[in-house]
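One file, protein_3.csv, is given below (CSV, C-alpha atoms).
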chain,number,residue,atom,x,y,z
A,1,MET,CA,-23.4,-7.7,-17.9
A,2,ASP,CA,-24.0,-6.3,-14.4
A,3,LEU,CA,-21.4,-4.5,-12.3
A,4,LYS,CA,-20.3,-7.6,-10.3
A,5,GLU,CA,-19.9,-9.7,-13.4
A,6,LEU,CA,-17.9,-6.9,-15.0
A,7,LEU,CA,-15.6,-6.6,-12.1
A,8,ASP,CA,-15.3,-10.4,-11.6
A,9,SER,CA,-14.2,-10.7,-15.3
A,10,HIS,CA,-11.5,-8.1,-14.8
A,11,VAL,CA,-10.3,-9.8,-11.6
A,12,LEU,CA,-9.8,-13.0,-13.6
A,13,SER,CA,-7.8,-11.2,-16.2
A,14,LYS,CA,-5.9,-8.7,-14.1
A,15,ASN,CA,-5.1,-10.7,-10.9
A,16,THR,CA,-2.6,-12.9,-12.7
A,17,LYS,CA,1.2,-12.9,-13.2
A,18,ASP,CA,0.8,-11.6,-16.7
A,19,GLY,CA,-1.6,-8.9,-15.4
A,20,LEU,CA,0.9,-7.9,-12.7
A,21,TYR,CA,3.8,-7.5,-15.1
A,22,ASN,CA,1.7,-5.9,-17.8
A,23,ALA,CA,2.7,-2.4,-16.4
A,24,ASP,CA,5.0,-1.2,-13.7
A,25,ASP,CA,3.8,-1.8,-10.1
A,26,PRO,CA,5.7,-1.7,-6.7
A,27,LEU,CA,4.4,-5.2,-5.9
A,28,GLN,CA,6.8,-6.5,-8.6
A,29,VAL,CA,9.7,-5.6,-6.4
A,30,ALA,CA,8.1,-6.7,-3.2
A,31,THR,CA,7.4,-10.1,-4.8
A,32,ILE,CA,11.1,-10.7,-5.4
A,33,TYR,CA,11.9,-10.6,-1.7
A,34,LYS,CA,8.6,-11.7,0.0
A,35,GLU,CA,9.8,-10.0,3.3
A,36,PRO,CA,7.5,-7.8,5.4
A,37,ASN,CA,9.9,-4.9,6.0
A,38,ILE,CA,10.9,-4.8,2.3
A,39,ALA,CA,7.3,-5.0,1.3
A,40,LEU,CA,6.4,-2.1,3.6
A,41,ILE,CA,9.1,0.2,2.2
A,42,CYS,CA,8.0,-0.7,-1.3
A,43,ALA,CA,4.4,0.2,-0.5
A,44,LEU,CA,5.4,3.5,1.3
A,45,PHE,CA,7.5,4.6,-1.7
A,46,GLY,CA,4.5,3.7,-3.8
A,47,TYR,CA,3.4,7.2,-4.8
A,48,GLY,CA,4.0,9.1,-8.1
A,49,SER,CA,4.6,7.6,-11.5
A,50,ALA,CA,4.6,3.8,-11.3
A,51,LYS,CA,7.5,3.6,-13.7
A,52,GLN,CA,9.6,5.9,-11.5
A,53,ILE,CA,8.6,4.0,-8.3
A,54,VAL,CA,9.8,0.7,-9.7
A,55,LYS,CA,13.0,2.2,-11.0
A,56,PHE,CA,13.8,3.8,-7.7
A,57,LEU,CA,12.9,0.6,-5.7
A,58,LYS,CA,15.2,-1.5,-7.9
A,59,SER,CA,18.1,0.9,-7.2
A,60,LEU,CA,17.8,0.3,-3.4
A,61,ASN,CA,20.0,-2.2,-1.5
A,62,PHE,CA,17.6,-3.7,1.1
A,63,SER,CA,20.4,-5.7,2.7
A,64,LEU,CA,21.3,-2.5,4.4
A,65,PHE,CA,18.4,-3.2,6.8
A,66,ASP,CA,20.9,-5.7,8.4
A,67,GLU,CA,23.9,-3.4,8.4
A,68,SER,CA,25.0,-0.9,11.0
A,69,GLU,CA,23.6,2.6,11.0
A,70,LYS,CA,27.0,3.9,10.1
A,71,ASN,CA,27.1,1.7,7.0
A,72,ILE,CA,23.6,2.8,6.1
A,73,CYS,CA,24.7,6.5,6.1
A,74,GLU,CA,27.8,5.7,4.1
A,75,ASN,CA,26.0,3.7,1.4
A,76,LEU,CA,23.1,6.1,0.9
A,77,GLN,CA,24.8,9.3,-0.1
A,78,ASN,CA,23.0,9.9,-3.4
A,79,PHE,CA,19.6,8.5,-3.0
A,80,LYS,CA,16.5,10.8,-3.0
A,81,TYR,CA,13.0,10.3,-4.2
A,82,ARG,CA,10.4,13.1,-4.9
A,83,PHE,CA,9.5,14.5,-1.4
A,84,GLN,CA,12.4,12.6,0.4
A,85,ASN,CA,15.8,14.2,0.3
A,86,ILE,CA,19.1,12.3,0.9
A,87,GLU,CA,18.9,12.6,4.7
A,88,ASP,CA,15.2,11.5,4.7
A,89,VAL,CA,16.1,8.3,2.8
A,90,ARG,CA,19.0,7.6,5.2
A,91,GLN,CA,16.8,8.0,8.2
A,92,ILE,CA,14.0,5.9,6.6
A,93,PHE,CA,16.5,3.1,6.2
A,94,ILE,CA,17.7,3.5,9.8
A,95,THR,CA,14.1,3.3,11.0
A,96,PHE,CA,13.6,0.1,9.0
A,97,CYS,CA,16.8,-1.3,10.4
A,98,ARG,CA,15.4,-0.7,13.9
A,99,LEU,CA,12.0,-2.0,13.0
A,100,LYS,CA,13.4,-5.2,11.6
A,101,LYS,CA,15.5,-5.7,14.7
A,102,ASP,CA,13.0,-4.6,17.4
A,103,GLY,CA,9.5,-5.1,15.9
A,104,ASP,CA,7.3,-7.7,14.4
A,105,ILE,CA,5.1,-5.9,11.9
A,106,GLU,CA,2.3,-8.5,11.9
A,107,ALA,CA,2.2,-8.7,15.7
A,108,ILE,CA,2.1,-4.9,16.0
A,109,ILE,CA,-0.8,-4.6,13.5
A,110,LYS,CA,-2.7,-7.5,15.2
A,111,SER,CA,-2.4,-5.9,18.6
A,112,GLY,CA,-4.2,-2.8,17.3
A,113,PHE,CA,-6.7,-4.9,15.3
A,114,ASP,CA,-7.6,-7.1,18.3
A,115,LYS,CA,-8.7,-4.0,20.3
A,116,SER,CA,-11.5,-3.1,17.9
A,117,GLY,CA,-11.7,-5.6,15.1
A,118,LEU,CA,-10.8,-2.8,12.7
A,119,MET,CA,-7.8,-3.1,10.4
A,120,ILE,CA,-7.3,0.7,10.4
A,121,ASP,CA,-6.6,0.5,14.1
A,122,GLY,CA,-3.9,-2.1,13.4
A,123,VAL,CA,-2.4,0.3,10.8
A,124,ASN,CA,-2.5,3.1,13.3
A,125,GLU,CA,-0.7,1.0,15.9
A,126,LEU,CA,2.1,0.3,13.4
A,127,ILE,CA,2.5,4.0,12.5
A,128,LYS,CA,2.8,4.9,16.2
A,129,PHE,CA,5.4,2.2,16.7
A,130,ILE,CA,7.4,3.3,13.7
A,131,TYR,CA,7.6,6.9,15.1
A,132,SER,CA,8.8,5.6,18.4
A,133,LEU,CA,11.9,4.1,16.8
A,134,ASN,CA,13.5,7.3,15.5
A,135,SER,CA,13.4,10.9,16.8
A,136,TYR,CA,14.2,12.3,13.3
A,137,ARG,CA,11.5,14.5,11.8
A,138,SER,CA,11.1,16.3,8.5
A,139,ASP,CA,8.4,17.0,6.0
A,140,GLY,CA,9.7,14.3,3.7
A,141,TYR,CA,10.1,11.7,6.5
A,142,GLU,CA,6.6,12.4,7.8
A,143,PHE,CA,5.0,12.3,4.4
A,144,PHE,CA,6.7,8.9,3.8
A,145,PHE,CA,5.4,7.3,7.0
A,146,GLY,CA,2.1,9.2,7.2
A,147,ARG,CA,0.6,10.3,10.5
A,148,ALA,CA,-1.2,8.3,13.2
A,149,PHE,CA,-4.7,9.5,14.1
A,150,ASP,CA,-6.1,10.3,17.5
A,151,SER,CA,-9.8,9.7,17.4
A,152,LYS,CA,-10.8,8.8,13.8
A,153,PRO,CA,-9.0,8.5,10.5
A,154,ILE,CA,-9.4,11.1,7.8
A,155,SER,CA,-6.7,10.2,5.3
A,156,PRO,CA,-7.4,7.2,3.0
A,157,TYR,CA,-4.1,5.5,4.1
A,158,LYS,CA,-3.8,4.2,0.6
A,159,ARG,CA,-0.2,3.0,0.8
A,160,TYR,CA,-0.7,1.1,4.1
A,161,ASN,CA,-3.9,-0.5,2.9
A,162,MET,CA,-2.1,-1.6,-0.2
A,163,PHE,CA,0.7,-3.1,1.9
A,164,MET,CA,-2.0,-4.9,3.9
A,165,ARG,CA,-3.6,-6.3,0.8
A,166,TRP,CA,-0.2,-7.7,-0.3
A,167,MET,CA,0.5,-9.2,3.0
A,168,VAL,CA,-2.9,-10.7,4.0
A,169,ARG,CA,-4.4,-11.9,0.7
A,170,ASP,CA,-3.2,-15.3,0.0
A,171,THR,CA,-4.3,-15.9,-3.6
A,172,ASP,CA,-3.4,-14.8,-7.1
A,173,ILE,CA,-0.9,-11.8,-7.2
A,174,ASP,CA,-0.6,-11.1,-3.5
A,175,LEU,CA,2.0,-12.5,-1.0
A,176,GLY,CA,-0.1,-13.9,1.8
A,177,ILE,CA,2.8,-13.7,4.4
A,178,PHE,CA,0.6,-12.6,7.3
A,179,LYS,CA,-1.4,-15.6,8.5
A,180,ASN,CA,-3.2,-14.1,11.6
A,181,LEU,CA,-5.3,-11.3,10.0
A,182,PRO,CA,-8.5,-11.8,8.1
A,183,LYS,CA,-8.7,-10.7,4.5
A,184,SER,CA,-12.4,-10.1,4.9
A,185,GLU,CA,-11.5,-7.0,7.1
A,186,LEU,CA,-9.0,-5.4,4.6
A,187,LEU,CA,-9.7,-1.9,3.4
A,188,MET,CA,-9.6,-0.5,-0.1
A,189,PRO,CA,-6.2,1.0,-1.0
A,190,LEU,CA,-7.9,4.0,-2.5
A,191,ASP,CA,-5.9,6.4,-4.7
A,192,VAL,CA,-7.2,9.3,-6.8
A,193,HIS,CA,-7.4,7.1,-9.9
A,194,THR,CA,-9.3,4.3,-8.3
A,195,HIS,CA,-11.6,6.9,-6.6
A,196,ARG,CA,-12.3,8.4,-10.0
A,197,VAL,CA,-13.0,4.9,-11.6
A,198,SER,CA,-15.3,3.9,-8.7
A,199,LEU,CA,-17.3,7.1,-9.0
A,200,ARG,CA,-17.7,6.6,-12.7
A,201,LEU,CA,-18.8,3.0,-12.3
A,202,GLY,CA,-21.3,4.0,-9.6
A,203,LEU,CA,-19.6,2.0,-6.9
A,204,ILE,CA,-19.5,5.1,-4.6
A,205,ASP,CA,-21.2,8.5,-4.4
A,206,ARG,CA,-18.7,10.2,-2.1
A,207,LYS,CA,-16.8,12.8,-4.1
A,208,SER,CA,-14.3,13.6,-1.4
A,209,TYR,CA,-11.1,11.5,-1.5
A,210,ASP,CA,-10.9,10.5,2.2
A,211,PHE,CA,-11.3,7.7,4.6
A,212,ASN,CA,-15.1,7.8,4.4
A,213,ALA,CA,-14.8,7.1,0.7
A,214,VAL,CA,-12.6,4.1,1.6
A,215,LEU,CA,-15.3,2.7,3.8
A,216,GLU,CA,-18.0,3.3,1.3
A,217,LEU,CA,-16.1,1.5,-1.5
A,218,THR,CA,-15.0,-1.3,0.8
A,219,ASN,CA,-18.5,-1.9,2.0
A,220,LYS,CA,-19.8,-1.9,-1.6
A,221,LEU,CA,-17.2,-4.5,-2.6
A,222,ARG,CA,-18.2,-6.6,0.4
A,223,GLU,CA,-21.6,-7.0,-1.2
A,224,PHE,CA,-19.8,-8.7,-4.2
A,225,ASP,CA,-17.4,-10.9,-2.0
A,226,TYR,CA,-17.7,-10.5,1.7
A,227,LEU,CA,-14.8,-12.9,2.4
A,228,ASP,CA,-12.3,-11.2,0.0
A,229,PRO,CA,-13.6,-7.7,-1.0
A,230,ILE,CA,-10.2,-6.2,-1.8
A,231,LYS,CA,-9.6,-8.7,-4.6
A,232,TYR,CA,-11.2,-6.0,-6.8
A,233,ASP,CA,-8.5,-3.4,-6.0
A,234,PHE,CA,-5.9,-4.3,-8.6
A,235,ALA,CA,-8.5,-4.7,-11.3
A,236,LEU,CA,-10.1,-1.3,-10.6
A,237,TYR,CA,-6.6,0.3,-10.6
A,238,ARG,CA,-5.7,-1.3,-13.9
A,239,ILE,CA,-9.0,-0.4,-15.5
A,240,GLY,CA,-8.2,3.3,-14.8
A,241,GLN,CA,-4.5,3.1,-15.5
A,242,SER,CA,-5.0,1.4,-18.9
A,243,GLY,CA,-7.9,3.6,-20.0
A,244,GLU,CA,-10.2,0.6,-20.2
A,245,ILE,CA,-12.7,2.5,-18.3
A,246,ASP,CA,-13.5,4.6,-21.4
A,247,LYS,CA,-14.0,1.4,-23.5
A,248,ILE,CA,-16.4,0.1,-20.8
A,249,PHE,CA,-18.6,3.1,-21.3
A,250,LEU,CA,-18.3,3.0,-25.1
A,251,LYS,CA,-19.9,-0.5,-25.0
A,252,LYS,CA,-22.9,0.7,-23.1
The structure in this file should be written as structure tokens.
Amino acid sequence: MDLKELLDSHVLSKNTKDGLYNADDPLQVATIYKEPNIALICALFGYGSAKQIVKFLKSLNFSLFDESEKNICENLQNFKYRFQNIEDVRQIFITFCRLKKDGDIEAIIKSGFDKSGLMIDGVNELIKFIYSLNSYRSDGYEFFFGRAFDSKPISPYKRYNMFMRWMVRDTDIDLGIFKNLPKSELLMPLDVHTHRVSLRLGLIDRKSYDFNAVLELTNKLREFDYLDPIKYDFALYRIGQSGEIDKIFLKK
């Protein structure tokens, strides 16, 4: 079995409802609501232990996005998550309240994408817009939203690229809510685990976990499916998460 056949077989088994719910994943929570702002906050809290991510997301009241900022502060007195303290979480919710009221996430991303034809420029436009909504700053707040880049990206932007996968891909496990952006131009949501699996499988050579590694892996996957290269993301993630990568090499 060659590499494409191997990955295609895992796509067929992993990109399913059973595959999605086989282990914890923030997409499970985003799928309940199918709403862009909720999906984005689910993606941006998507760091750390998958079990803890899902537990925290399920504890949140997303209807607060439609409440007054006073009510947000009163209702979020005991919520914190890893690098975000209680005030960070409050301010994140206030920012999302303003984003939902004053912004259209897809339109903002498309405005950046249309300038260059690059999805990362759409993501950068969204990050800049988000920071314009709230003057609050802290290490936890800035880690949560990430930082925009000036000339070229260095960070892998894993959580934003994962959000884009959920929103643009319109088959199997993803939500397909955004109708005006091409899935052929999506970028790999590269985390350290997927990076390690991709190196081991020989999909990439770049040992640095950065945006250039994202481009290298995305371009390799386009050789397998140029219309939908990021369909391989969830399968690669699960191969590493489940330990199946070791079984693959035992069979060789």
Which residue out of A:Asn37, A:Ser184, A:Ser138, A:Asn212 has the minimum interatomic distance to Gly117 (chain A) when all atoms listed in the file are used?
A:Ser184
Name the closest residue to Ile239 (chain A) among the candidates A:Ile86, A:Ile94, A:Val197, A:Ala148; distances are taken between atoms, counting all atoms listed in the file.
A:Val197
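As for CA of Leu181 (chain A) and CA of Arg159 (chain A), they are spaced 17.8 Å apart.
Distances here use all atoms listed in the file; by that measure, the residue among A:Asp246, A:Val54, A:Leu199, A:Thr218 closest to Gln28 (chain A) is A:Val54.
Among the candidate residues A:Leu187, A:Cys97, A:Val192, A:Leu217, the one lying nearest to Gly48 (chain A) is A:Val192, with distances computed using only C-alpha atoms.
Here CA of Gln91 (chain A) and CA of Phe143 (chain A) stand 13.1 Å from one another.
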List as a PyMOL selection string the protein and nucleic acid residues near Phe129 (chain A), meaning an atom at most 9 Å away when only C-alpha atoms are counted, but skip any in the same chain fewer than 6 places from it.
chain A and resi 99+103+108
Contact residues around Ser68 (chain A) with all atoms listed in the file at 12 Å, ignoring same-chain residues under 4 positions, as a ChimeraX atom specification
/A:63-64,72-75,90,93-98,101
Within 9 Å of Ile109 (chain A), counting only C-alpha atoms, which residues qualify if same-chain residues fewer than 5 places away don't, as a ChimeraX atom specification?
/A:104,114,119-126,181
Nearest to Ala213 (chain A) by atom-to-atom distance, counting all atoms listed in the file, from A:Ala235, A:Ile173, A:Ala30, A:Ile154
A:Ile154
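Here CA of Val214 (chain A) is placed at a distance of 27.2 Å from CA of Ser132 (chain A).
Nearest residue to Lys55 (chain A), choosing from A:Arg137, A:Pro26, A:Leu76, A:Glu5 and counting only C-alpha atoms: A:Pro26.
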Sphere at (-21.1, -3.2, -5.4), radius 6 Å, counting only C-alpha atoms: residues as a ChimeraX atom specification:
/A:203,220-221,223-224
Test item: which residues lie within 12 Å of (-2.6, -8.5, -11.1) counting all atoms listed in the file, as number ranges by chain
A: 10-28, 31, 166, 171-175, 231-239
Export, as an mmCIF file, keeping the file's coordinate frame, the selected residues with C-alpha atoms.
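Saved result, part15.cif, follows:
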data_model
loop_
_atom_site.group_PDB
_atom_site.id
_atom_site.type_symbol
_atom_site.label_atom_id
_atom_site.label_comp_id
_atom_site.auth_asym_id
_atom_site.auth_seq_id
_atom_site.Cartn_x
_atom_site.Cartn_y
_atom_site.Cartn_z
ATOM 1 C CA HIS A 10 -11.500 -8.100 -14.800
ATOM 2 C CA VAL A 11 -10.300 -9.800 -11.600
ATOM 3 C CA LEU A 12 -9.800 -13.000 -13.600
ATOM 4 C CA SER A 13 -7.800 -11.200 -16.200
ATOM 5 C CA LYS A 14 -5.900 -8.700 -14.100
ATOM 6 C CA ASN A 15 -5.100 -10.700 -10.900
ATOM 7 C CA THR A 16 -2.600 -12.900 -12.700
ATOM 8 C CA LYS A 17 1.200 -12.900 -13.200
ATOM 9 C CA ASP A 18 0.800 -11.600 -16.700
ATOM 10 C CA GLY A 19 -1.600 -8.900 -15.400
ATOM 11 C CA LEU A 20 0.900 -7.900 -12.700
ATOM 12 C CA TYR A 21 3.800 -7.500 -15.100
ATOM 13 C CA ASN A 22 1.700 -5.900 -17.800
ATOM 14 C CA ALA A 23 2.700 -2.400 -16.400
ATOM 15 C CA ASP A 24 5.000 -1.200 -13.700
ATOM 16 C CA ASP A 25 3.800 -1.800 -10.100
ATOM 17 C CA PRO A 26 5.700 -1.700 -6.700
ATOM 18 C CA LEU A 27 4.400 -5.200 -5.900
ATOM 19 C CA GLN A 28 6.800 -6.500 -8.600
ATOM 20 C CA THR A 31 7.400 -10.100 -4.800
ATOM 21 C CA TRP A 166 -0.200 -7.700 -0.300
ATOM 22 C CA THR A 171 -4.300 -15.900 -3.600
ATOM 23 C CA ASP A 172 -3.400 -14.800 -7.100
ATOM 24 C CA ILE A 173 -0.900 -11.800 -7.200
ATOM 25 C CA ASP A 174 -0.600 -11.100 -3.500
ATOM 26 C CA LEU A 175 2.000 -12.500 -1.000
ATOM 27 C CA LYS A 231 -9.600 -8.700 -4.600
ATOM 28 C CA TYR A 232 -11.200 -6.000 -6.800
ATOM 29 C CA ASP A 233 -8.500 -3.400 -6.000
ATOM 30 C CA PHE A 234 -5.900 -4.300 -8.600
ATOM 31 C CA ALA A 235 -8.500 -4.700 -11.300
ATOM 32 C CA LEU A 236 -10.100 -1.300 -10.600
ATOM 33 C CA TYR A 237 -6.600 0.300 -10.600
ATOM 34 C CA ARG A 238 -5.700 -1.300 -13.900
ATOM 35 C CA ILE A 239 -9.000 -0.400 -15.500
#
Name the residues in contact with region 77-83 of chain A at a cut-off of 9 Å, using all atoms listed in the file, excluding same-chain residues fewer than 4 positions from it; report them as a list of chain:residue names.
A:Phe45, A:Gly48, A:Ile53, A:Phe56, A:Ser59, A:Leu60, A:Cys73, A:Glu87, A:Asp88, A:Val89, A:Arg90, A:Asp139, A:Gly140, A:Tyr141, A:Phe143, A:Phe144
Starting from the incomplete input, reconstruct N, CA, C and O atoms of region 226-246 of chain A and report them as a compact mmCIF listing (two decimals), in the coordinates of the input.
# COMPACT_ATOMS: atom_id res chain seq x y z
N TYR A 226 -17.90 -10.94 0.35
CA TYR A 226 -17.70 -10.50 1.70
C TYR A 226 -16.47 -11.15 2.38
O TYR A 226 -15.95 -10.65 3.37
N LEU A 227 -15.98 -12.25 1.80
CA LEU A 227 -14.80 -12.90 2.40
C LEU A 227 -13.48 -12.28 1.82
O LEU A 227 -12.45 -12.36 2.48
N ASP A 228 -13.54 -11.70 0.63
CA ASP A 228 -12.30 -11.20 0.00
C ASP A 228 -12.65 -9.94 -0.85
O ASP A 228 -12.44 -9.92 -2.06
N PRO A 229 -13.15 -8.89 -0.22
CA PRO A 229 -13.60 -7.70 -1.00
C PRO A 229 -12.51 -6.98 -1.74
O PRO A 229 -12.77 -6.37 -2.77
N ILE A 230 -11.29 -7.05 -1.22
CA ILE A 230 -10.20 -6.20 -1.80
C ILE A 230 -9.55 -6.93 -2.99
O ILE A 230 -8.62 -6.42 -3.58
N LYS A 231 -10.07 -8.11 -3.36
CA LYS A 231 -9.60 -8.70 -4.60
C LYS A 231 -9.85 -7.86 -5.80
O LYS A 231 -9.21 -8.00 -6.84
N TYR A 232 -10.80 -6.92 -5.66
CA TYR A 232 -11.20 -6.00 -6.80
C TYR A 232 -10.22 -4.84 -6.92
O TYR A 232 -10.28 -4.11 -7.91
N ASP A 233 -9.34 -4.61 -5.95
CA ASP A 233 -8.50 -3.40 -6.00
C ASP A 233 -7.63 -3.33 -7.20
O ASP A 233 -7.66 -2.33 -7.92
N PHE A 234 -6.85 -4.37 -7.48
CA PHE A 234 -5.90 -4.30 -8.60
C PHE A 234 -6.63 -4.15 -9.92
O PHE A 234 -6.18 -3.41 -10.80
N ALA A 235 -7.76 -4.84 -10.06
CA ALA A 235 -8.50 -4.70 -11.30
C ALA A 235 -9.06 -3.32 -11.51
O ALA A 235 -8.95 -2.76 -12.61
N LEU A 236 -9.58 -2.71 -10.46
CA LEU A 236 -10.10 -1.30 -10.60
C LEU A 236 -8.94 -0.37 -10.92
O LEU A 236 -9.10 0.53 -11.75
N TYR A 237 -7.79 -0.58 -10.30
CA TYR A 237 -6.60 0.30 -10.60
C TYR A 237 -6.21 0.15 -12.04
O TYR A 237 -5.99 1.15 -12.73
N ARG A 238 -6.11 -1.08 -12.52
CA ARG A 238 -5.70 -1.30 -13.90
C ARG A 238 -6.71 -0.79 -14.91
O ARG A 238 -6.35 -0.29 -15.98
N ILE A 239 -7.99 -0.91 -14.60
CA ILE A 239 -9.00 -0.40 -15.50
C ILE A 239 -8.82 1.10 -15.72
O ILE A 239 -8.95 1.60 -16.84
N GLY A 240 -8.49 1.82 -14.65
CA GLY A 240 -8.20 3.30 -14.80
C GLY A 240 -6.91 3.55 -15.42
O GLY A 240 -6.81 4.40 -16.31
N GLN A 241 -5.87 2.84 -15.00
CA GLN A 241 -4.50 3.10 -15.50
C GLN A 241 -4.41 2.85 -17.01
O GLN A 241 -3.75 3.60 -17.72
N SER A 242 -5.07 1.82 -17.48
CA SER A 242 -5.00 1.40 -18.90
C SER A 242 -5.91 2.19 -19.81
O SER A 242 -5.80 2.10 -21.04
N GLY A 243 -6.86 2.92 -19.23
CA GLY A 243 -7.90 3.60 -20.00
C GLY A 243 -9.04 2.73 -20.43
O GLY A 243 -9.92 3.16 -21.19
N GLU A 244 -9.07 1.50 -19.91
CA GLU A 244 -10.20 0.60 -20.20
C GLU A 244 -11.52 1.10 -19.75
O GLU A 244 -12.57 0.70 -20.26
N ILE A 245 -11.50 1.98 -18.76
CA ILE A 245 -12.70 2.50 -18.30
C ILE A 245 -13.52 3.23 -19.37
O ILE A 245 -14.75 3.15 -19.44
N ASP A 246 -12.80 3.89 -20.30
CA ASP A 246 -13.50 4.60 -21.40
C ASP A 246 -14.12 3.54 -22.36
O ASP A 246 -15.22 3.76 -22.87
